[in-house]
$ cat coords.cif   # mmCIF, C-alpha atoms and all ligand atoms
data_query
loop_
_atom_site.group_PDB
_atom_site.id
_atom_site.type_symbol
_atom_site.label_atom_id
_atom_site.label_comp_id
_atom_site.auth_asym_id
_atom_site.auth_seq_id
_atom_site.Cartn_x
_atom_site.Cartn_y
_atom_site.Cartn_z
ATOM 1 C CA MET A 10 0.000 0.000 0.000
ATOM 2 C CA GLY A 11 1.394 3.389 -1.010
ATOM 3 C CA GLU A 12 1.494 6.408 1.247
ATOM 4 C CA ASN A 13 -1.495 7.888 -0.628
ATOM 5 C CA HIS A 14 -3.635 4.796 -0.092
ATOM 6 C CA TRP A 15 -7.322 5.637 0.507
ATOM 7 C CA THR A 16 -10.571 3.788 0.896
ATOM 8 C CA THR A 17 -14.125 4.018 -0.433
ATOM 9 C CA GLU A 18 -17.219 2.201 0.794
ATOM 10 C CA ILE A 19 -19.251 2.657 -2.381
ATOM 11 C CA THR A 20 -18.242 0.334 -5.211
ATOM 12 C CA LYS A 21 -15.676 -2.445 -5.560
ATOM 13 C CA ILE A 22 -14.162 -2.794 -8.995
ATOM 14 C CA GLU A 23 -12.229 -5.875 -10.083
ATOM 15 C CA PRO A 24 -11.593 -7.169 -13.590
ATOM 16 C CA ASN A 25 -14.977 -8.417 -14.866
ATOM 17 C CA LYS A 26 -16.717 -7.536 -11.582
ATOM 18 C CA ILE A 27 -18.583 -4.442 -10.344
ATOM 19 C CA VAL A 28 -19.989 -4.607 -6.809
ATOM 20 C CA VAL A 29 -22.131 -1.665 -5.631
ATOM 21 C CA ARG A 30 -22.503 -1.493 -1.852
ATOM 22 C CA GLY A 31 -21.963 -5.244 -1.727
ATOM 23 C CA TYR A 32 -24.272 -6.184 -4.606
ATOM 24 C CA ARG A 33 -23.052 -7.307 -8.045
ATOM 25 C CA ILE A 34 -24.280 -4.868 -10.660
ATOM 26 C CA ASP A 35 -25.269 -7.669 -13.041
ATOM 27 C CA GLN A 36 -27.466 -9.162 -10.292
ATOM 28 C CA LEU A 37 -29.084 -5.814 -9.505
ATOM 29 C CA MET A 38 -29.874 -5.291 -13.186
ATOM 30 C CA GLY A 39 -33.370 -6.399 -14.096
ATOM 31 C CA LYS A 40 -34.157 -7.148 -10.444
ATOM 32 C CA TYR A 41 -34.094 -3.723 -8.814
ATOM 33 C CA SER A 42 -35.377 -0.456 -10.273
ATOM 34 C CA PHE A 43 -33.231 2.632 -10.811
ATOM 35 C CA PRO A 44 -34.849 4.447 -7.825
ATOM 36 C CA GLN A 45 -34.108 1.426 -5.601
ATOM 37 C CA VAL A 46 -30.481 1.443 -6.729
ATOM 38 C CA ILE A 47 -30.289 5.204 -6.118
ATOM 39 C CA TYR A 48 -31.366 4.482 -2.540
ATOM 40 C CA LEU A 49 -28.791 1.682 -2.333
ATOM 41 C CA ILE A 50 -25.883 3.787 -3.531
ATOM 42 C CA LEU A 51 -26.773 6.753 -1.306
ATOM 43 C CA LYS A 52 -27.772 4.881 1.836
ATOM 44 C CA GLY A 53 -25.662 1.743 1.559
ATOM 45 C CA GLU A 54 -28.551 -0.724 1.723
ATOM 46 C CA LEU A 55 -31.368 -1.912 -0.509
ATOM 47 C CA PRO A 56 -34.739 -0.335 0.295
ATOM 48 C CA ASP A 57 -37.859 -2.314 1.033
ATOM 49 C CA GLU A 58 -40.608 -2.160 -1.586
ATOM 50 C CA ARG A 59 -42.564 0.750 -0.088
ATOM 51 C CA THR A 60 -39.385 2.846 0.254
ATOM 52 C CA GLY A 61 -38.507 2.123 -3.377
ATOM 53 C CA LYS A 62 -42.013 3.228 -4.381
ATOM 54 C CA ILE A 63 -41.855 6.559 -2.591
ATOM 55 C CA ILE A 64 -38.352 7.305 -3.973
ATOM 56 C CA ASP A 65 -39.713 6.485 -7.423
ATOM 57 C CA ALA A 66 -42.651 8.890 -6.895
ATOM 58 C CA ILE A 67 -40.293 11.660 -5.707
ATOM 59 C CA LEU A 68 -38.222 11.275 -8.875
ATOM 60 C CA VAL A 69 -41.261 11.175 -11.173
ATOM 61 C CA SER A 70 -42.776 14.224 -9.455
ATOM 62 C CA SER A 71 -39.951 16.505 -10.515
ATOM 63 C CA VAL A 72 -39.042 15.167 -13.964
ATOM 64 C CA ASP A 73 -40.092 18.385 -15.710
ATOM 65 C CA HIS A 74 -42.035 21.621 -15.326
ATOM 66 C CA GLY A 75 -42.263 22.688 -18.951
ATOM 67 C CA ALA A 76 -40.270 25.586 -20.318
ATOM 68 C CA THR A 77 -41.021 27.811 -17.311
ATOM 69 C CA PRO A 78 -38.247 27.128 -14.750
ATOM 70 C CA PRO A 79 -34.907 28.944 -14.704
ATOM 71 C CA SER A 80 -32.957 25.685 -15.069
ATOM 72 C CA THR A 81 -34.798 24.826 -18.296
ATOM 73 C CA LEU A 82 -34.367 28.320 -19.696
ATOM 74 C CA ALA A 83 -30.646 28.242 -18.810
ATOM 75 C CA ALA A 84 -30.164 24.819 -20.431
ATOM 76 C CA ARG A 85 -32.062 25.856 -23.571
ATOM 77 C CA THR A 86 -30.152 29.130 -23.817
ATOM 78 C CA ILE A 87 -26.821 27.329 -23.646
ATOM 79 C CA ALA A 88 -28.012 24.680 -26.124
ATOM 80 C CA SER A 89 -29.112 27.420 -28.533
ATOM 81 C CA THR A 90 -25.511 28.578 -28.878
ATOM 82 C CA GLY A 91 -24.474 25.212 -30.318
ATOM 83 C CA SER A 92 -22.888 24.067 -27.048
ATOM 84 C CA PRO A 93 -22.958 20.297 -26.531
ATOM 85 C CA LEU A 94 -25.451 18.455 -24.342
ATOM 86 C CA ASN A 95 -23.131 18.116 -21.363
ATOM 87 C CA ALA A 96 -22.456 21.873 -21.248
ATOM 88 C CA ALA A 97 -26.151 22.783 -21.537
ATOM 89 C CA LEU A 98 -27.060 20.184 -18.910
ATOM 90 C CA ALA A 99 -24.410 21.458 -16.509
ATOM 91 C CA GLY A 100 -25.743 25.009 -17.009
ATOM 92 C CA GLY A 101 -29.289 23.883 -16.281
ATOM 93 C CA ILE A 102 -28.232 22.090 -13.123
ATOM 94 C CA LEU A 103 -26.274 25.139 -11.975
ATOM 95 C CA ALA A 104 -29.549 27.103 -12.024
ATOM 96 C CA ILE A 105 -31.077 24.806 -9.397
ATOM 97 C CA TYR A 106 -30.741 26.252 -5.941
ATOM 98 C CA LYS A 107 -32.638 27.704 -3.037
ATOM 99 C CA TYR A 108 -35.417 29.472 -4.968
ATOM 100 C CA HIS A 109 -35.836 26.796 -7.650
ATOM 101 C CA GLY A 110 -35.787 23.078 -6.927
ATOM 102 C CA GLY A 111 -33.080 23.492 -4.344
ATOM 103 C CA ALA A 112 -35.164 24.433 -1.346
ATOM 104 C CA ILE A 113 -35.239 20.785 -0.303
ATOM 105 C CA GLU A 114 -32.030 20.904 1.735
ATOM 106 C CA ASN A 115 -33.062 24.002 3.687
ATOM 107 C CA ALA A 116 -36.624 22.750 4.145
ATOM 108 C CA MET A 117 -35.231 19.490 5.578
ATOM 109 C CA ARG A 118 -33.099 21.470 8.039
ATOM 110 C CA GLN A 119 -36.175 23.425 9.087
ATOM 111 C CA PHE A 120 -38.382 20.344 9.560
ATOM 112 C CA LYS A 121 -35.606 18.691 11.563
ATOM 113 C CA GLU A 122 -35.250 21.809 13.703
ATOM 114 C CA ILE A 123 -38.988 21.723 14.455
ATOM 115 C CA VAL A 124 -39.327 17.981 15.046
ATOM 116 C CA GLU A 125 -35.995 17.180 16.677
ATOM 117 C CA GLY A 126 -35.924 20.447 18.614
ATOM 118 C CA GLY A 127 -39.506 19.864 19.842
ATOM 119 C CA LYS A 128 -40.547 23.346 18.640
ATOM 120 C CA ASP A 129 -44.004 24.775 18.883
ATOM 121 C CA VAL A 130 -44.879 25.198 15.196
ATOM 122 C CA ARG A 131 -46.912 28.377 15.574
ATOM 123 C CA GLN A 132 -44.191 30.061 17.622
ATOM 124 C CA TRP A 133 -41.525 28.880 15.189
ATOM 125 C CA VAL A 134 -43.436 30.349 12.223
ATOM 126 C CA GLU A 135 -44.104 33.619 14.084
ATOM 127 C CA GLU A 136 -40.399 33.952 14.841
ATOM 128 C CA LYS A 137 -39.396 33.310 11.216
ATOM 129 C CA LEU A 138 -41.905 35.833 9.912
ATOM 130 C CA LYS A 139 -40.948 38.417 12.528
ATOM 131 C CA ASN A 140 -37.270 38.087 11.581
ATOM 132 C CA LYS A 141 -38.152 38.164 7.858
ATOM 133 C CA GLN A 142 -36.487 34.774 7.357
ATOM 134 C CA ILE A 143 -37.407 32.558 4.437
ATOM 135 C CA ILE A 144 -39.541 29.534 5.258
ATOM 136 C CA TYR A 145 -38.380 27.064 2.648
ATOM 137 C CA GLY A 146 -40.746 24.696 0.852
ATOM 138 C CA PHE A 147 -43.983 26.705 0.873
ATOM 139 C CA GLY A 148 -45.913 28.535 -1.838
ATOM 140 C CA HIS A 149 -45.523 28.334 -5.600
ATOM 141 C CA ARG A 150 -45.434 31.076 -8.198
ATOM 142 C CA TYR A 151 -47.564 29.001 -10.576
ATOM 143 C CA HIS A 152 -49.721 26.513 -8.664
ATOM 144 C CA LYS A 153 -52.192 27.169 -5.860
ATOM 145 C CA ASN A 154 -52.717 23.414 -5.369
ATOM 146 C CA ASP A 155 -49.598 21.708 -6.654
ATOM 147 C CA PRO A 156 -50.714 18.239 -7.855
ATOM 148 C CA ARG A 157 -47.271 16.863 -7.011
ATOM 149 C CA THR A 158 -47.543 17.712 -3.314
ATOM 150 C CA ALA A 159 -51.027 16.229 -3.004
ATOM 151 C CA ARG A 160 -49.968 12.962 -4.637
ATOM 152 C CA LEU A 161 -46.702 12.682 -2.695
ATOM 153 C CA PHE A 162 -48.504 13.177 0.619
ATOM 154 C CA GLN A 163 -51.245 10.749 -0.421
ATOM 155 C CA MET A 164 -48.599 8.128 -1.253
ATOM 156 C CA ALA A 165 -46.711 8.899 1.965
ATOM 157 C CA GLU A 166 -49.906 8.133 3.868
ATOM 158 C CA GLU A 167 -50.664 4.954 1.917
ATOM 159 C CA LEU A 168 -47.114 3.662 2.307
ATOM 160 C CA GLY A 169 -46.729 4.586 5.971
ATOM 161 C CA PHE A 170 -44.362 7.538 5.611
ATOM 162 C CA ALA A 171 -46.656 10.290 6.841
ATOM 163 C CA GLY A 172 -44.929 10.681 10.197
ATOM 164 C CA GLU A 173 -43.882 13.650 12.278
ATOM 165 C CA TYR A 174 -41.989 15.470 9.500
ATOM 166 C CA VAL A 175 -44.940 15.333 7.104
ATOM 167 C CA ARG A 176 -47.138 16.498 9.987
ATOM 168 C CA ALA A 177 -44.721 19.364 10.703
ATOM 169 C CA ALA A 178 -44.819 20.451 7.028
ATOM 170 C CA ARG A 179 -48.616 20.540 7.071
ATOM 171 C CA GLU A 180 -48.694 22.365 10.416
ATOM 172 C CA VAL A 181 -46.267 25.008 9.152
ATOM 173 C CA ALA A 182 -48.537 25.630 6.132
ATOM 174 C CA SER A 183 -51.573 26.012 8.429
ATOM 175 C CA ALA A 184 -49.685 28.318 10.807
ATOM 176 C CA ILE A 185 -48.511 30.528 7.899
ATOM 177 C CA GLU A 186 -52.099 30.777 6.695
ATOM 178 C CA GLU A 187 -53.418 31.636 10.157
ATOM 179 C CA ILE A 188 -50.743 34.228 10.900
ATOM 180 C CA LYS A 189 -50.450 35.857 7.488
ATOM 181 C CA GLY A 190 -54.022 35.337 6.379
ATOM 182 C CA LYS A 191 -52.569 34.044 3.120
ATOM 183 C CA ARG A 192 -52.390 30.476 1.829
ATOM 184 C CA LEU A 193 -48.824 29.311 1.153
ATOM 185 C CA PRO A 194 -49.277 25.542 0.763
ATOM 186 C CA VAL A 195 -46.464 23.023 0.933
ATOM 187 C CA ASN A 196 -44.783 22.988 -2.479
ATOM 188 C CA VAL A 197 -43.077 20.045 -4.160
ATOM 189 C CA ASP A 198 -39.708 20.880 -2.561
ATOM 190 C CA GLY A 199 -41.351 20.990 0.861
ATOM 191 C CA ALA A 200 -43.154 17.693 0.308
ATOM 192 C CA ILE A 201 -39.984 15.962 -0.916
ATOM 193 C CA ALA A 202 -38.068 17.431 2.035
ATOM 194 C CA ALA A 203 -40.572 16.125 4.586
ATOM 195 C CA ILE A 204 -40.569 12.641 3.044
ATOM 196 C CA LEU A 205 -36.756 12.511 2.802
ATOM 197 C CA CYS A 206 -36.653 13.374 6.529
ATOM 198 C CA GLU A 207 -39.035 10.458 7.165
ATOM 199 C CA LEU A 208 -36.605 8.256 5.202
ATOM 200 C CA GLU A 209 -33.716 9.530 7.358
ATOM 201 C CA PHE A 210 -31.736 11.064 4.532
ATOM 202 C CA PRO A 211 -29.327 13.824 5.588
ATOM 203 C CA PRO A 212 -30.271 17.353 4.384
ATOM 204 C CA GLU A 213 -27.013 17.525 2.390
ATOM 205 C CA LEU A 214 -28.524 14.985 -0.048
ATOM 206 C CA GLY A 215 -31.903 16.727 -0.339
ATOM 207 C CA ASN A 216 -31.300 18.811 -3.458
ATOM 208 C CA ALA A 217 -29.692 15.808 -5.149
ATOM 209 C CA PHE A 218 -33.157 14.291 -5.506
ATOM 210 C CA PHE A 219 -34.435 17.264 -7.486
ATOM 211 C CA ILE A 220 -31.280 17.290 -9.620
ATOM 212 C CA MET A 221 -31.546 13.554 -10.340
ATOM 213 C CA ALA A 222 -35.250 13.915 -11.121
ATOM 214 C CA ARG A 223 -34.893 16.967 -13.378
ATOM 215 C CA THR A 224 -31.930 15.669 -15.419
ATOM 216 C CA PRO A 225 -34.096 13.734 -17.967
ATOM 217 C CA GLY A 226 -36.378 16.759 -18.353
ATOM 218 C CA LEU A 227 -33.448 19.072 -18.993
ATOM 219 C CA ILE A 228 -32.006 16.618 -21.525
ATOM 220 C CA ALA A 229 -35.339 16.521 -23.379
ATOM 221 C CA HIS A 230 -35.434 20.335 -23.552
ATOM 222 C CA ILE A 231 -31.798 20.531 -24.683
ATOM 223 C CA TYR A 232 -32.404 17.971 -27.422
ATOM 224 C CA GLU A 233 -35.553 19.765 -28.576
ATOM 225 C CA GLU A 234 -33.677 23.066 -28.640
ATOM 226 C CA GLN A 235 -30.832 21.539 -30.655
ATOM 227 C CA THR A 236 -33.058 19.728 -33.130
ATOM 228 C CA ARG A 237 -36.197 21.903 -33.532
ATOM 229 C CA MET A 238 -35.116 25.467 -32.918
ATOM 230 C CA LYS A 239 -33.030 28.050 -34.732
ATOM 231 C CA PRO A 240 -29.627 28.690 -33.146
ATOM 232 C CA MET A 241 -29.332 31.872 -31.089
ATOM 233 C CA ARG A 242 -33.083 32.492 -31.112
ATOM 234 C CA LYS A 243 -34.592 34.847 -28.552
ATOM 235 C CA ILE A 244 -36.021 32.483 -25.943
ATOM 236 C CA ASP A 245 -39.115 34.153 -24.541
ATOM 237 C CA PRO A 246 -39.494 32.963 -20.917
ATOM 238 C CA VAL A 247 -43.280 33.461 -20.998
ATOM 239 C CA ASP A 248 -44.593 33.377 -24.567
ATOM 240 C CA HIS A 249 -44.401 29.682 -25.342
ATOM 241 C CA GLU A 250 -47.058 27.083 -26.041
ATOM 242 C CA TYR A 251 -47.282 23.318 -25.609
ATOM 243 C CA VAL A 252 -47.926 21.539 -28.934
ATOM 244 C CA GLY A 253 -47.207 17.928 -27.874
ATOM 245 C CA PRO A 254 -49.612 14.991 -27.618
ATOM 246 C CA PRO A 255 -53.025 15.561 -26.019
ATOM 247 C CA GLU A 256 -53.527 14.582 -22.389
ATOM 248 C CA LYS A 257 -54.149 10.875 -21.728
ATOM 249 C CA ASP A 258 -55.914 9.628 -18.619
ATOM 250 C CA LEU A 259 -54.085 6.937 -16.613
ATOM 251 C CA THR A 260 -56.761 6.352 -13.960
HETATM 252 C C1 LIG B 1 -40.320 23.141 -10.990
HETATM 253 O O1 LIG B 1 -40.630 21.999 -10.686
HETATM 254 O O2 LIG B 1 -39.342 23.393 -11.698
HETATM 255 C C2 LIG B 1 -41.175 24.283 -10.519
HETATM 256 O O3 LIG B 1 -41.873 23.928 -9.376
HETATM 257 C C3 LIG B 1 -40.382 25.521 -10.389
HETATM 258 C C4 LIG B 1 -41.227 26.761 -10.564
HETATM 259 O O4 LIG B 1 -41.193 27.597 -9.667
HETATM 260 O O5 LIG B 1 -41.888 26.904 -11.569
#
$ encode --input "coords.cif" --output "structure tokens" --more "lines below"
Ligand code: LMR
Amino acid sequence: MGENHWTTEITKIEPNKIVVRGYRIDQLMGKYSFPQVIYLILKGELPDERTGKIIDAILVSSVDHGATPPSTLAARTIASTGSPLNAALAGGILAIYKYHGGAIENAMRQFKEIVEGGKDVRQWVEEKLKNKQIIYGFGHRYHKNDPRTARLFQMAEELGFAGEYVRAAREVASAIEEIKGKRLPVNVDGAIAAILCELEFPPELGNAFFIMARTPGLIAHIYEEQTRMKPMRKIDPVDHEYVGPPEKDLT
């Protein structure tokens, strides 16, 4: 062993063998879904079925939000210059942070502070508002009733993940409404944050879930920009229209 010897607990590589967190990749393939393997690589163990399902729902919830978000506009703008996919994707991801898709980490810290610190929710909200501090994970510039939040919380209940963090998220929304007289419901970041707390993920990994979820969406926008649009066009952030397939009902 050299003096720069170091260790990793993630993946063992040997000629003709790849072992992720103790599981051979060729045995995981076809047996476990991508969301389950995401859980495995981040947490070090395979999830049970209900955990895999909720991770899957989190990832599906944030796959895309049309051409409206800053990350999509950034990725499309970079793609429109003729830059390659990896550059445009990196640019899109760089636009994800605390006001867009990246409120998950801070919302997790807040829910942990409330639950683990045994805080009185109303007092906690009053304090935040009095000190003009951001309460992460509430309100949406576009949706009054974000369908993603409703479905995530419904699934959390069905699968047994609607514990004290999900309760805290809902109580914060009610307290904001009572104190401000204005409805600022839990948004998708807030819902994901509460569920990731239930799953005992550390806040430092919170935003990673939005980034992983949004990557396919950004790639689709980049590809469309590269293949359907004129280079260097003026990308209007508001004046755009959906012309894809009509809505299909999956119920
Ligand atoms: C998204 O999923 O990108 C949106 O919720 C962001 C936004 O504010 O439109």
$ residues_near_ligand --input "coords.cif" --ligand "ligand LIG 1 (chain B)" --cutoff "12 Å" --atoms "all atoms listed in the file" --output "JSON, numbers by chain"
{"A": [67, 68, 69, 70, 71, 72, 73, 74, 75, 76, 77, 78, 79, 80, 81, 82, 101, 102, 104, 105, 106, 107, 108, 109, 110, 111, 112, 113, 146, 147, 148, 149, 150, 151, 152, 153, 154, 155, 156, 157, 158, 195, 196, 197, 198, 199, 200, 201, 218, 219, 220, 222, 223, 224, 226, 227, 246, 247]}
$ resolve_selection --input "coords.cif" --expression "the PyMOL selection byres (((chain A and resi 228-242) around 8) and not hetatm)" --output "PyMOL selection string"
chain A and resi 76+81+84-86+88-91+94+97-98+224-227+243-244
$ resolve_selection --input "coords.cif" --expression "the PyMOL selection byres (((chain A and resi 212) around 9) and not hetatm)" --output "number ranges by chain"
A: 113-118, 202, 205-206, 210-211, 213-216
$ resolve_selection --input "coords.cif" --expression "the PyMOL selection byres (((chain A and resi 179-183) around 8) and not hetatm)" --output "number ranges by chain"
A: 130-131, 134, 147, 175-178, 184-187, 192-195
$ atom_distance --input "coords.cif" --atom1 "CA of Gln36 (chain A)" --atom2 "CA of Trp15 (chain A)"
27.2 Å
$ atom_distance --input "coords.cif" --atom1 "CA of Tyr32 (chain A)" --atom2 "CA of Glu54 (chain A)"
9.4 Å
$ closest_residue --input "coords.cif" --among "A:Gly100, A:Gly39, A:Pro254, A:Gly126" --to "Ala83 (chain A)" --atoms "all atoms listed in the file"
A:Gly100
$ atom_distance --input "coords.cif" --atom1 "CA of Lys52 (chain A)" --atom2 "CA of Asp65 (chain A)"
15.2 Å
$ closest_residue --input "coords.cif" --among "A:Met221, A:Ala66, A:Lys121, A:Ile188" --to "Arg160 (chain A)" --atoms "all atoms listed in the file"
A:Ala66
$ closest_residue --input "coords.cif" --among "A:Gly127, A:Gly172, A:Gly11, A:Gly253" --to "Ile204 (chain A)" --atoms "all atoms listed in the file"
A:Gly172
$ closest_residue --input "coords.cif" --among "A:Leu168, A:Gly31, A:Lys137, A:Phe43" --to "Glu58 (chain A)" --atoms "all atoms listed in the file"
A:Leu168
$ residues_around --input "coords.cif" --residues "Glu125 (chain A)" --least-positions-apart "5" --cutoff "10 Å" --atoms "only C-alpha atoms" --output "MDAnalysis selection string"
chainID A and resid 119:120 173:174
